[in-house]
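Student: File start_23.cif follows (mmCIF, C-alpha atoms and all ligand atoms):
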data_data
loop_
_atom_site.label_atom_id
_atom_site.label_comp_id
_atom_site.auth_asym_id
_atom_site.auth_seq_id
_atom_site.Cartn_x
_atom_site.Cartn_y
_atom_site.Cartn_z
CA MET K 1 -4.43 -13.92 8.38
CA ILE K 2 -3.53 -14.51 4.73
CA GLU K 3 -1.03 -17.20 3.78
CA LEU K 4 -0.21 -17.70 0.12
CA THR K 5 2.18 -20.57 -0.54
CA ASP K 6 3.91 -21.08 -3.85
CA ILE K 7 1.08 -19.59 -5.93
CA SER K 8 1.33 -19.63 -9.72
CA LYS K 9 -1.33 -18.66 -12.23
CA SER K 10 -1.26 -19.24 -15.98
CA TYR K 11 -3.83 -17.98 -18.47
CA GLY K 12 -4.33 -20.08 -21.59
CA THR K 13 -2.37 -23.14 -22.61
CA GLY K 14 0.43 -24.17 -24.95
CA ALA K 15 2.48 -21.59 -26.86
CA GLY K 16 0.01 -18.76 -26.08
CA ALA K 17 0.02 -19.32 -22.31
CA VAL K 18 0.77 -16.33 -20.07
CA GLU K 19 2.26 -17.04 -16.66
CA ALA K 20 0.82 -14.05 -14.79
CA ILE K 21 2.26 -14.96 -11.38
CA LYS K 22 5.08 -17.31 -10.60
CA HIS K 23 5.74 -19.13 -7.33
CA ILE K 24 4.65 -16.34 -5.00
CA SER K 25 4.61 -16.95 -1.26
CA LEU K 26 3.31 -14.26 1.06
CA SER K 27 2.27 -14.12 4.68
CA ILE K 28 0.13 -11.21 5.90
CA ASN K 29 -0.45 -10.62 9.59
CA LYS K 30 -3.79 -9.95 11.25
CA GLY K 31 -4.50 -6.22 11.44
CA GLU K 32 -1.76 -5.31 8.99
CA ILE K 33 -2.10 -2.99 5.99
CA PHE K 34 -0.07 -4.70 3.30
CA GLY K 35 0.60 -3.14 -0.12
CA ILE K 36 1.55 -4.78 -3.38
CA ILE K 37 3.07 -2.40 -5.91
CA GLY K 38 4.03 -3.08 -9.50
CA HIS K 39 3.86 -1.68 -13.02
CA SER K 40 1.01 -2.49 -15.38
CA GLY K 41 1.00 -6.17 -16.27
CA ALA K 42 3.20 -7.15 -13.30
CA GLY K 43 0.50 -9.49 -11.98
CA LYS K 44 -0.99 -7.43 -9.14
CA SER K 45 -4.67 -7.95 -9.98
CA THR K 46 -4.17 -11.63 -10.60
CA LEU K 47 -2.44 -12.04 -7.25
CA LEU K 48 -5.11 -10.08 -5.36
CA ARG K 49 -7.92 -12.02 -7.02
CA CYS K 50 -6.26 -15.29 -6.03
CA VAL K 51 -6.83 -14.38 -2.37
CA ASN K 52 -10.62 -14.78 -2.66
CA LEU K 53 -10.35 -17.22 -5.57
CA LEU K 54 -11.96 -14.86 -8.09
CA GLU K 55 -8.98 -16.29 -9.95
CA ARG K 56 -8.15 -19.86 -9.06
CA PRO K 57 -4.36 -20.31 -8.92
CA THR K 58 -2.98 -22.97 -11.24
CA THR K 59 -0.91 -24.30 -8.34
CA GLY K 60 -0.33 -23.36 -4.71
CA SER K 61 -2.27 -22.90 -1.52
CA VAL K 62 -4.44 -19.97 -0.33
CA LYS K 63 -5.24 -19.78 3.36
CA VAL K 64 -7.37 -17.03 4.89
CA GLY K 65 -7.55 -17.37 8.66
CA ASP K 66 -7.07 -21.08 9.10
CA VAL K 67 -9.13 -22.09 6.09
CA GLU K 68 -7.55 -23.52 2.94
CA LEU K 69 -9.80 -21.97 0.28
CA THR K 70 -8.67 -24.09 -2.66
CA GLN K 71 -10.12 -27.22 -1.02
CA LEU K 72 -13.66 -25.86 -0.44
CA SER K 73 -16.87 -26.73 -2.24
CA THR K 74 -18.70 -23.90 -4.05
CA THR K 75 -21.13 -23.43 -1.14
CA GLN K 76 -18.37 -23.44 1.46
CA LEU K 77 -16.37 -20.96 -0.63
CA GLN K 78 -19.37 -18.61 -0.90
CA ARG K 79 -19.64 -18.62 2.88
CA GLU K 80 -15.91 -18.01 3.41
CA ARG K 81 -15.96 -15.14 0.91
CA ARG K 82 -18.22 -13.20 3.29
CA ARG K 83 -15.12 -12.88 5.49
CA ILE K 84 -13.28 -11.21 2.61
CA GLY K 85 -14.59 -7.82 1.42
CA MET K 86 -13.36 -6.27 -1.78
CA ILE K 87 -13.33 -2.78 -3.33
CA PHE K 88 -12.56 -1.89 -6.93
CA GLN K 89 -11.00 0.90 -8.98
CA HIS K 90 -14.28 1.56 -10.80
CA PHE K 91 -16.44 0.91 -7.73
CA ASN K 92 -18.71 -1.74 -9.39
CA LEU K 93 -21.91 -0.34 -7.87
CA LEU K 94 -25.41 -1.30 -8.98
CA SER K 95 -26.44 1.75 -11.03
CA MET K 96 -30.19 1.15 -10.62
CA ALA K 97 -29.98 0.87 -6.82
CA THR K 98 -29.70 3.64 -4.24
CA VAL K 99 -26.72 4.00 -1.92
CA ARG K 100 -28.73 2.30 0.83
CA ASP K 101 -29.71 -0.60 -1.45
CA ASN K 102 -26.15 -1.04 -2.74
CA ILE K 103 -24.90 -1.37 0.83
CA ALA K 104 -27.78 -3.66 1.79
CA PHE K 105 -27.15 -6.02 -1.13
CA PRO K 106 -24.59 -8.37 0.52
CA LEU K 107 -26.73 -8.45 3.68
CA GLU K 108 -29.73 -9.57 1.64
CA LEU K 109 -27.60 -12.28 0.04
CA ALA K 110 -26.64 -13.37 3.57
CA LYS K 111 -30.40 -13.52 4.32
CA LEU K 112 -30.39 -11.17 7.31
CA PRO K 113 -33.82 -10.05 8.57
CA LYS K 114 -35.03 -6.68 7.23
CA SER K 115 -34.72 -4.86 10.57
CA ALA K 116 -31.13 -6.07 11.08
CA ILE K 117 -30.28 -4.96 7.54
CA LYS K 118 -31.64 -1.48 8.17
CA GLN K 119 -29.70 -1.13 11.40
CA ARG K 120 -26.45 -2.36 9.84
CA VAL K 121 -26.81 -0.12 6.78
CA ASP K 122 -27.35 2.89 9.08
CA GLU K 123 -24.15 2.03 10.97
CA LEU K 124 -22.22 1.66 7.73
CA LEU K 125 -23.56 4.92 6.28
CA GLN K 126 -22.30 6.65 9.38
CA LEU K 127 -18.93 4.87 9.29
CA VAL K 128 -18.22 6.10 5.77
CA GLY K 129 -19.88 9.52 6.20
CA LEU K 130 -22.73 9.11 3.71
CA GLU K 131 -25.79 9.53 5.96
CA GLN K 132 -26.97 12.49 3.84
CA HIS K 133 -26.76 10.54 0.58
CA ALA K 134 -28.57 7.28 1.41
CA GLY K 135 -31.37 7.85 -1.11
CA LYS K 136 -29.17 8.89 -4.06
CA TYR K 137 -28.20 6.77 -7.05
CA PRO K 138 -24.53 6.19 -8.00
CA ALA K 139 -24.79 8.59 -10.97
CA GLN K 140 -25.57 11.40 -8.50
CA LEU K 141 -22.36 10.82 -6.50
CA SER K 142 -18.73 11.97 -6.87
CA GLY K 143 -15.98 9.38 -7.35
CA GLY K 144 -14.96 9.62 -3.70
CA GLN K 145 -18.56 9.14 -2.55
CA LYS K 146 -18.94 6.12 -4.85
CA GLN K 147 -15.86 4.56 -3.33
CA ARG K 148 -17.30 5.18 0.15
CA VAL K 149 -20.37 3.20 -0.92
CA GLY K 150 -18.01 0.47 -2.18
CA ILE K 151 -16.23 0.42 1.17
CA ALA K 152 -19.49 0.29 3.15
CA ARG K 153 -20.75 -2.57 0.97
CA ALA K 154 -17.46 -4.46 1.37
CA LEU K 155 -17.66 -4.10 5.17
CA ALA K 156 -21.34 -5.06 5.43
CA ASN K 157 -20.77 -8.64 6.59
CA ASN K 158 -18.02 -7.70 9.07
CA PRO K 159 -15.19 -9.29 7.08
CA ASP K 160 -11.77 -10.07 8.56
CA VAL K 161 -10.00 -9.02 5.36
CA LEU K 162 -10.49 -6.15 2.93
CA LEU K 163 -8.98 -6.47 -0.56
CA CYS K 164 -8.47 -3.18 -2.39
CA ASP K 165 -7.96 -3.34 -6.15
CA GLU K 166 -6.45 0.04 -7.18
CA ALA K 167 -9.13 1.63 -5.00
CA THR K 168 -7.90 5.21 -5.43
CA SER K 169 -6.54 5.11 -8.98
CA ALA K 170 -9.63 6.76 -10.48
CA LEU K 171 -9.67 9.56 -7.90
CA ASP K 172 -8.03 13.00 -7.74
CA PRO K 173 -5.20 13.52 -5.19
CA GLN K 174 -7.38 15.16 -2.52
CA THR K 175 -10.10 12.50 -2.74
CA THR K 176 -7.40 9.81 -2.77
CA ASN K 177 -6.09 11.12 0.54
CA ALA K 178 -9.60 11.19 2.05
CA ILE K 179 -10.22 7.56 1.01
CA LEU K 180 -6.79 6.48 2.30
CA SER K 181 -7.57 8.14 5.65
CA LEU K 182 -10.89 6.29 5.77
CA LEU K 183 -9.14 2.97 5.11
CA MET K 184 -6.62 3.67 7.85
CA ASP K 185 -9.42 4.63 10.22
CA ILE K 186 -11.31 1.42 9.45
CA ASN K 187 -8.15 -0.65 9.97
CA ASP K 188 -7.63 1.09 13.29
CA LYS K 189 -11.23 0.89 14.56
CA LEU K 190 -12.18 -2.56 13.29
CA GLY K 191 -8.77 -4.26 13.29
CA ILE K 192 -9.47 -5.47 9.76
CA THR K 193 -6.54 -6.75 7.70
CA ILE K 194 -6.13 -4.79 4.47
CA LEU K 195 -4.38 -6.03 1.34
CA LEU K 196 -4.15 -3.45 -1.43
CA ILE K 197 -2.63 -3.26 -4.87
CA THR K 198 -1.47 -0.03 -6.45
CA HIS K 199 1.00 1.44 -8.89
CA GLU K 200 1.44 4.55 -6.74
CA MET K 201 4.18 4.74 -4.13
CA HIS K 202 2.26 7.56 -2.47
CA VAL K 203 -0.48 5.09 -1.49
CA ILE K 204 2.08 2.70 0.00
CA ARG K 205 3.84 5.46 1.93
CA SER K 206 0.58 6.90 3.29
CA ILE K 207 -1.01 3.82 4.83
CA CYS K 208 0.91 0.55 4.46
CA ASP K 209 2.93 -1.24 7.13
CA ARG K 210 4.66 -3.61 4.73
CA VAL K 211 5.06 -3.74 0.98
CA ALA K 212 5.89 -6.28 -1.71
CA VAL K 213 7.17 -5.08 -5.07
CA ILE K 214 6.22 -7.35 -7.95
CA ASP K 215 7.58 -7.50 -11.45
CA GLY K 216 7.07 -10.12 -14.14
CA GLY K 217 4.82 -12.13 -11.82
CA LYS K 218 7.44 -12.43 -9.06
CA ILE K 219 8.10 -10.63 -5.78
CA VAL K 220 11.38 -8.78 -6.29
CA GLU K 221 11.49 -7.02 -2.91
CA MET K 222 9.47 -7.13 0.29
CA GLY K 223 9.72 -5.61 3.75
CA ASP K 224 8.66 -2.84 6.14
CA VAL K 225 7.68 0.22 4.12
CA LEU K 226 10.28 2.37 5.89
CA ASP K 227 13.12 -0.03 5.09
CA VAL K 228 12.10 -0.58 1.49
CA PHE K 229 11.56 3.13 1.00
CA LEU K 230 14.79 4.32 2.58
CA LYS K 231 16.99 1.55 1.20
CA PRO K 232 15.45 0.20 -2.00
CA GLN K 233 17.48 -2.68 -3.38
CA HIS K 234 15.87 -3.52 -6.71
CA SER K 235 15.81 -1.15 -9.71
CA ILE K 236 12.00 -1.44 -9.97
CA THR K 237 11.67 -0.40 -6.32
CA MET K 238 14.00 2.54 -6.97
CA ASP K 239 11.72 3.63 -9.83
CA PHE K 240 8.71 3.62 -7.51
CA VAL K 241 10.54 5.40 -4.70
CA SER K 242 11.60 8.11 -7.12
CA GLN K 243 7.89 8.78 -7.84
CA ILE K 244 7.72 10.59 -4.51
CA ALA K 245 11.29 11.22 -3.38
CA ASP K 246 13.27 14.05 -4.87
CA SER K 247 14.28 12.08 -7.87
CA PHE K 248 17.65 13.32 -9.02
CA ASP K 249 20.55 11.03 -8.28
CA PRO K 250 22.79 12.68 -5.65
CA ARG K 251 25.82 10.98 -7.18
CA GLU K 252 25.50 13.48 -10.04
CA LEU K 253 26.73 16.07 -7.55
CA ILE K 254 30.01 14.33 -6.83
CA ASN K 255 31.97 15.93 -9.65
CA THR K 256 30.53 19.38 -9.21
CA ARG K 257 31.05 19.97 -5.47
CA SER K 258 34.37 20.37 -3.67
CA GLY K 259 33.26 19.50 -0.11
CA ARG K 260 32.51 16.09 1.42
CA LEU K 261 29.12 14.80 0.34
CA VAL K 262 27.17 12.81 2.87
CA LYS K 263 23.81 11.08 2.60
CA MET K 264 21.87 10.63 5.83
CA ASN K 265 18.66 8.84 6.74
CA TYR K 266 16.87 9.22 10.04
CA VAL K 267 13.61 7.93 11.40
CA GLY K 268 11.35 8.74 14.34
CA GLU K 269 11.23 11.69 16.74
CA ILE K 270 14.86 12.73 16.07
CA THR K 271 13.55 13.96 12.71
CA TYR K 272 12.38 17.13 14.46
CA GLU K 273 15.58 17.80 16.46
CA PRO K 274 18.19 20.40 15.43
CA LEU K 275 20.71 17.62 14.82
CA LEU K 276 22.91 19.28 12.22
CA PHE K 277 23.17 22.54 14.09
CA ASN K 278 24.07 20.76 17.32
CA ALA K 279 26.68 18.60 15.59
CA VAL K 280 28.58 21.54 14.05
CA LYS K 281 28.01 24.33 16.55
CA SER K 282 31.27 23.90 18.49
CA THR K 283 33.35 23.34 15.32
CA THR K 284 34.40 25.42 12.32
CA VAL K 285 32.63 23.01 9.94
CA GLN K 286 30.06 24.50 7.56
CA PHE K 287 27.35 22.65 5.73
CA THR K 288 24.93 23.09 2.84
CA ILE K 289 21.79 21.02 2.26
CA LEU K 290 21.93 19.92 -1.39
CA GLN K 291 18.88 17.69 -1.44
CA GLY K 292 16.36 16.69 1.14
CA THR K 293 13.03 15.26 2.13
CA VAL K 294 11.45 15.45 5.55
CA SER K 295 8.12 13.70 5.62
CA ARG K 296 6.08 10.93 7.26
CA MET K 297 5.56 7.33 6.36
CA LYS K 298 2.19 6.27 7.73
CA ASN K 299 2.65 7.68 11.26
CA THR K 300 6.44 7.71 11.38
CA PRO K 301 8.45 10.85 10.60
CA TYR K 302 11.66 10.43 8.61
CA GLY K 303 14.28 12.50 6.87
CA GLN K 304 16.63 11.91 3.98
CA LEU K 305 19.27 14.53 3.26
CA VAL K 306 22.32 14.99 1.08
CA ILE K 307 24.69 17.43 2.77
CA GLU K 308 27.96 18.98 1.70
CA PHE K 309 30.35 19.50 4.62
CA ILE K 310 33.17 21.99 4.21
CA GLY K 311 36.08 22.35 6.64
CA ASP K 312 38.83 20.42 8.39
CA ASN K 313 38.64 16.67 7.65
CA GLY K 314 39.27 15.63 11.26
CA GLU K 315 36.49 17.93 12.46
CA ILE K 316 34.11 16.65 9.79
CA ASP K 317 34.88 13.05 10.90
CA ASN K 318 33.93 14.02 14.44
CA VAL K 319 30.68 15.64 13.25
CA LEU K 320 29.74 12.50 11.29
CA ASN K 321 30.51 10.26 14.25
CA ASP K 322 28.42 12.50 16.47
CA LEU K 323 25.48 12.19 14.07
CA ARG K 324 25.89 8.39 13.93
CA ALA K 325 25.89 8.27 17.74
CA LYS K 326 22.53 10.10 17.71
CA GLY K 327 21.06 7.30 15.57
CA LEU K 328 21.38 8.70 12.06
CA GLU K 329 22.49 6.46 9.24
CA VAL K 330 25.34 8.38 7.64
CA GLY K 331 27.20 7.41 4.47
CA GLU K 332 29.66 9.37 2.37
CA LEU K 333 29.04 9.66 -1.36
CA LYS K 334 32.74 9.99 -2.12
N1 LIG Q 401 -8.01 -13.23 -18.11
C1 LIG Q 401 -6.78 -13.19 -18.65
N2 LIG Q 401 -6.46 -13.89 -19.75
C2 LIG Q 401 -5.23 -13.86 -20.28
N3 LIG Q 401 -4.20 -13.14 -19.77
C3 LIG Q 401 -4.45 -12.40 -18.69
C4 LIG Q 401 -5.74 -12.37 -18.05
N4 LIG Q 401 -5.69 -11.54 -16.98
C5 LIG Q 401 -4.43 -11.08 -16.95
N5 LIG Q 401 -3.68 -11.58 -17.95
C6 LIG Q 401 -2.25 -11.33 -18.21
O1 LIG Q 401 -1.53 -11.60 -17.02
C7 LIG Q 401 -0.50 -10.64 -16.78
C8 LIG Q 401 -0.72 -9.96 -15.43
O2 LIG Q 401 -1.92 -9.20 -15.49
P1 LIG Q 401 -2.54 -8.44 -14.22
O3 LIG Q 401 -3.83 -7.81 -14.66
O4 LIG Q 401 -2.56 -9.35 -13.07
O5 LIG Q 401 -1.43 -7.32 -13.99
P2 LIG Q 401 -1.53 -5.97 -13.17
O6 LIG Q 401 -0.20 -5.78 -12.53
O7 LIG Q 401 -2.73 -5.97 -12.30
O8 LIG Q 401 -1.71 -4.90 -14.32
P3 LIG Q 401 -2.66 -3.57 -14.37
O9 LIG Q 401 -2.13 -2.63 -13.33
O10 LIG Q 401 -2.45 -3.06 -15.78
O11 LIG Q 401 -4.06 -4.04 -14.12
C9 LIG Q 401 -0.55 -9.68 -17.99
O12 LIG Q 401 0.40 -10.11 -18.93
C10 LIG Q 401 -1.97 -9.86 -18.50
O13 LIG Q 401 -2.02 -9.58 -19.89
#
Can you present the structure in this file as C-alpha cells?
Ligand SMILES: Nc1ncnc2c1ncn2[C@@H]1O[C@H](COP(=O)(O)OP(=O)(O)OP(=O)(O)O)[C@@H](O)[C@H]1O
Tutor:
Amino acid sequence: MIELTDISKSYGTGAGAVEAIKHISLSINKGEIFGIIGHSGAGKSTLLRCVNLLERPTTGSVKVGDVELTQLSTTQLQRERRRIGMIFQHFNLLSMATVRDNIAFPLELAKLPKSAIKQRVDELLQLVGLEQHAGKYPAQLSGGQKQRVGIARALANNPDVLLCDEATSALDPQTTNAILSLLMDINDKLGITILLITHEMHVIRSICDRVAVIDGGKIVEMGDVLDVFLKPQHSITMDFVSQIADSFDPRELINTRSGRLVKMNYVGEITYEPLLFNAVKSTTVQFTILQGTVSRMKNTPYGQLVIEFIGDNGEIDNVLNDLRAKGLEVGELK
C-alpha cells in the first residue's frame, strides 16, 4: 500500500544543510498497522510527511497504492491526498467551527452535496462516539474528544491510508489507550492501512503489527513487533524496549546468585500454561522467578522470565530441554 524507495530529505543547503532522512526504503502492506519509533530529531515527522508529500523528498520515490506521488501535478496530488488521511499530536482543528463542521470540512472541499455530507458526518460521529457533542466547539472538548474529531475528519473521504503523527503524545495514559483502541477498531472494521510515528514503545506494543526503529535519519532495525520486542538487536531499540519491560539487566544477577540463571521467552497460548511447574514436578529441581513480564503484544500473549534453577545439573538440563520441546526459547545467562 505504501512503498518508499531510497528516500532522502535535506533541509537547507551548503554547510548549514540538515539531512533529516537518509536513503530510507520501506514497504507497508495493505491493512497493516506499521509503527515508526525514534527519539526526538530522529526524522520521524519528516519521514511521515514524505508519505503524503507535505514534505517533498530530496530524492527517492513515494508510491501509495500504485500511484507514484512525486510525479503528479498539483491538482492530481490534491486528489490523491484524499486517499491519505492524517491526524496530528495537537489535533489541528478549526477553533471557530463546531465538531460537525470540522468533520464536514474535507467533504465540502471534495464538493459533496449537502445531504451526502450530513449523512456521512452522522456516520463518522457515530464511528468515533461523538454523537452527543456534534454542536460543541473544540475549546469545549477534552483532548481525547478532540482527537476523535481529528480521526473522524481524517476518515471523512474514506481514505486507504491513515497517517498518525504522535497522535496520542498529548494525551494522558487512559485517554491514550482509548484512542489506540479506536484506531485498532477502525483498522479492523475498515481495513485501512495505518502508519504511525511515536516515541513511546507502549504505543507500538499495543497496536502495531510491524515496527521500524529510526535513528539519525536511518532505519536501524525493522521487523514484526514481537520479534523486535523480544530480541532487540540495536542499542536504540533496547532503550525503547526498556521503557516498558522490567528494565534492569538480568546479567547483573550473575555474580550474586549461585544457581543456574536462565532467560526464557514464549509467545502465544502456551503463555497461560503451567509450564514451569510441569517441567519440574517429577524432579528435585527448584526454581525462583527473579524477573518477569507476562503481557500481550497487540492480541498476542507473551512471557519473558529470568529464572534461577537450583539442583542436580543433569536434572536441570532435562528440565530445560523439556521447556524447549514445548516451544519456549531458553538461554542460559552463565
Ligand atoms: N523545516 C525544517 N527545516 C530545517 N530542519 C528541519 C526542519 N524540519 C526538521 N528539521 C530537522 O530535521 C531533523 C529531523 O526532524 P524531525 O522533526 O523529522 O524529527 P522527529 O523524529 O520527528 O523529532 P520530534 O519527535 O522531536 O518531532 C532534525 O534535526 C530537525 O531539526
Student: Under the rule that all atoms listed in the file are counted, which of K:Ser142, K:Asn157, K:Ala212, K:Leu333 is the nearest residue to Ala116 (chain K)?
Tutor: K:Asn157
Student: List as JSON lines every residue of chain K that is in contact with ligand LIG 401 (chain Q), defined as an atom at most 8 Å from one of its atoms (using only C-alpha atoms and all ligand atoms), together with the nearest atom pair and the distance in Å rounded to one decimal, sorted by chain and then rising number.
Tutor:
{"residue": "K:Ser10", "atom": "CA", "partner": "Q:LIG401", "partner_atom": "O1", "distance": 7.7}
{"residue": "K:Tyr11", "atom": "CA", "partner": "Q:LIG401", "partner_atom": "C2", "distance": 4.7}
{"residue": "K:Gly12", "atom": "CA", "partner": "Q:LIG401", "partner_atom": "C2", "distance": 6.4}
{"residue": "K:Ala17", "atom": "CA", "partner": "Q:LIG401", "partner_atom": "C2", "distance": 7.8}
{"residue": "K:Val18", "atom": "CA", "partner": "Q:LIG401", "partner_atom": "N3", "distance": 5.9}
{"residue": "K:Glu19", "atom": "CA", "partner": "Q:LIG401", "partner_atom": "O1", "distance": 6.6}
{"residue": "K:Ala20", "atom": "CA", "partner": "Q:LIG401", "partner_atom": "O1", "distance": 4.1}
{"residue": "K:Ile21", "atom": "CA", "partner": "Q:LIG401", "partner_atom": "C8", "distance": 7.1}
{"residue": "K:Gly38", "atom": "CA", "partner": "Q:LIG401", "partner_atom": "O6", "distance": 5.9}
{"residue": "K:His39", "atom": "CA", "partner": "Q:LIG401", "partner_atom": "O6", "distance": 5.8}
{"residue": "K:Ser40", "atom": "CA", "partner": "Q:LIG401", "partner_atom": "O10", "distance": 3.5}
{"residue": "K:Gly41", "atom": "CA", "partner": "Q:LIG401", "partner_atom": "O5", "distance": 3.5}
{"residue": "K:Ala42", "atom": "CA", "partner": "Q:LIG401", "partner_atom": "O6", "distance": 3.7}
{"residue": "K:Gly43", "atom": "CA", "partner": "Q:LIG401", "partner_atom": "O4", "distance": 3.3}
{"residue": "K:Lys44", "atom": "CA", "partner": "Q:LIG401", "partner_atom": "O6", "distance": 3.9}
{"residue": "K:Ser45", "atom": "CA", "partner": "Q:LIG401", "partner_atom": "O7", "distance": 3.6}
{"residue": "K:Thr46", "atom": "CA", "partner": "Q:LIG401", "partner_atom": "O4", "distance": 3.7}
{"residue": "K:Leu47", "atom": "CA", "partner": "Q:LIG401", "partner_atom": "O4", "distance": 6.4}
{"residue": "K:Glu166", "atom": "CA", "partner": "Q:LIG401", "partner_atom": "O9", "distance": 8.0}
{"residue": "K:Ile197", "atom": "CA", "partner": "Q:LIG401", "partner_atom": "O7", "distance": 7.9}
{"residue": "K:Thr198", "atom": "CA", "partner": "Q:LIG401", "partner_atom": "O9", "distance": 7.4}
{"residue": "K:His199", "atom": "CA", "partner": "Q:LIG401", "partner_atom": "O9", "distance": 6.8}
{"residue": "K:Gly216", "atom": "CA", "partner": "Q:LIG401", "partner_atom": "C8", "distance": 7.9}
{"residue": "K:Gly217", "atom": "CA", "partner": "Q:LIG401", "partner_atom": "C8", "distance": 7.0}
Student: Considering all atoms listed in the file, return as a compact mmCIF listing (two decimals) with C-alpha atoms, keeping the file's coordinate frame whatever protein or nucleic-acid residues lie within 6 Å of Lys63 (chain K), sequence-local ones (same chain, fewer than 3 positions apart) excluded.
Tutor:
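Final output, saved to selection_38.txt:
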# COMPACT_ATOMS: atom_id res chain seq x y z
CA ILE K 2 -3.53 -14.51 4.73
CA GLU K 3 -1.03 -17.20 3.78
CA VAL K 67 -9.13 -22.09 6.09
CA GLU K 68 -7.55 -23.52 2.94
CA LEU K 69 -9.80 -21.97 0.28
Student: Between CA of Leu183 (chain K) and CA of Ala156 (chain K), measure the distance and give it in Å to one decimal.
Tutor: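 These two atoms are separated by 14.6 Å.
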Student: When you look at region 131-135 of chain K with a cut-off of 7 Å (counting all atoms listed in the file), what residues show up, excluding the ones that are within fewer than 6 positions of it in the same chain? I need them as a ChimeraX atom specification.
Tutor: /K:98-100,125
Student: Write the residues of the preceding selection, restricted to C-alpha atoms, as a PDB file, in the frame of the given file.
Tutor:
ATOM      1  CA  THR K  98     -29.700   3.640  -4.240  1.00  0.00           C
ATOM      2  CA  VAL K  99     -26.720   4.000  -1.920  1.00  0.00           C
ATOM      3  CA  ARG K 100     -28.730   2.300   0.830  1.00  0.00           C
ATOM      4  CA  LEU K 125     -23.560   4.920   6.280  1.00  0.00           C
TER       5      LEU K 125
END
Student: If I take CA of Gly303 (chain K) and CA of Arg260 (chain K), how far is one from the other in Å, to one decimal?
Tutor: 19.4 Å
Student: Please provide the set of residues having any atom within 9 Å of Thr70 (chain K), restricted to all atoms listed in the file, with same-chain residues fewer than 4 positions apart removed, written as a ChimeraX atom specification.
Tutor: /K:53,56-57,60-63,77
Student: Interatomic distance between CA of Thr75 (chain K) and CA of Asn52 (chain K)?
Tutor: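 CA of Asn52 (chain K) lies at a distance of 13.7 Å from CA of Thr75 (chain K).
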Student: With distances taken over all atoms listed in the file, which residue among K:Gln147, K:Ser115, K:Ser25, K:Thr300 lies nearest Ala170 (chain K)?
Tutor: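 The answer is K:Gln147, which sits nearest to Ala170 (chain K).
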Student: May I have the protein, DNA and RNA residues with an atom at most 6 Å from (27.7, 7.9, 0.0), counting only C-alpha atoms in the file's coordinates, returned as number ranges by chain?
Tutor: K: 262-263, 331-334
Student: Hey, which of K:Lys218, K:Pro274, K:Ile307, K:His202 ends up closest to Phe240 (chain K)? Count all atoms listed in the file.
Tutor: K:His202
Student: Find the residues around Gly143 (chain K) up to 10 Å (only C-alpha atoms counted), leave out those fewer than 4 positions away in its own chain, and share them as a PyMOL selection string.
Tutor: chain K and resi 89-91+138-139+147-149+168+170-172+175-176
Student: Which of these, K:Thr283, K:Leu93, K:Asn318, K:Thr271, has the shortest distance to Leu141 (chain K) once you count all atoms listed in the file?
Tutor: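 Of K:Thr283, K:Leu93, K:Asn318, K:Thr271, the one nearest Leu141 (chain K) is K:Leu93, counting all atoms listed in the file.
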Student: Given all atoms listed in the file as the basis, pick out the residue of K:Val211, K:Val228, K:Asn299, K:Val330 nearest to Gly268 (chain K).
Tutor: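 Checking each candidate against Gly268 (chain K), we get K:Asn299 as the closest.
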Student: I need the residue nearest Ser27 (chain K) from this list: K:Gly292, K:Gly223, K:Pro106, K:Pro113. Use all atoms listed in the file for the distance.
Tutor: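 Ranked by minimum distance to Ser27 (chain K), first place goes to K:Gly223.
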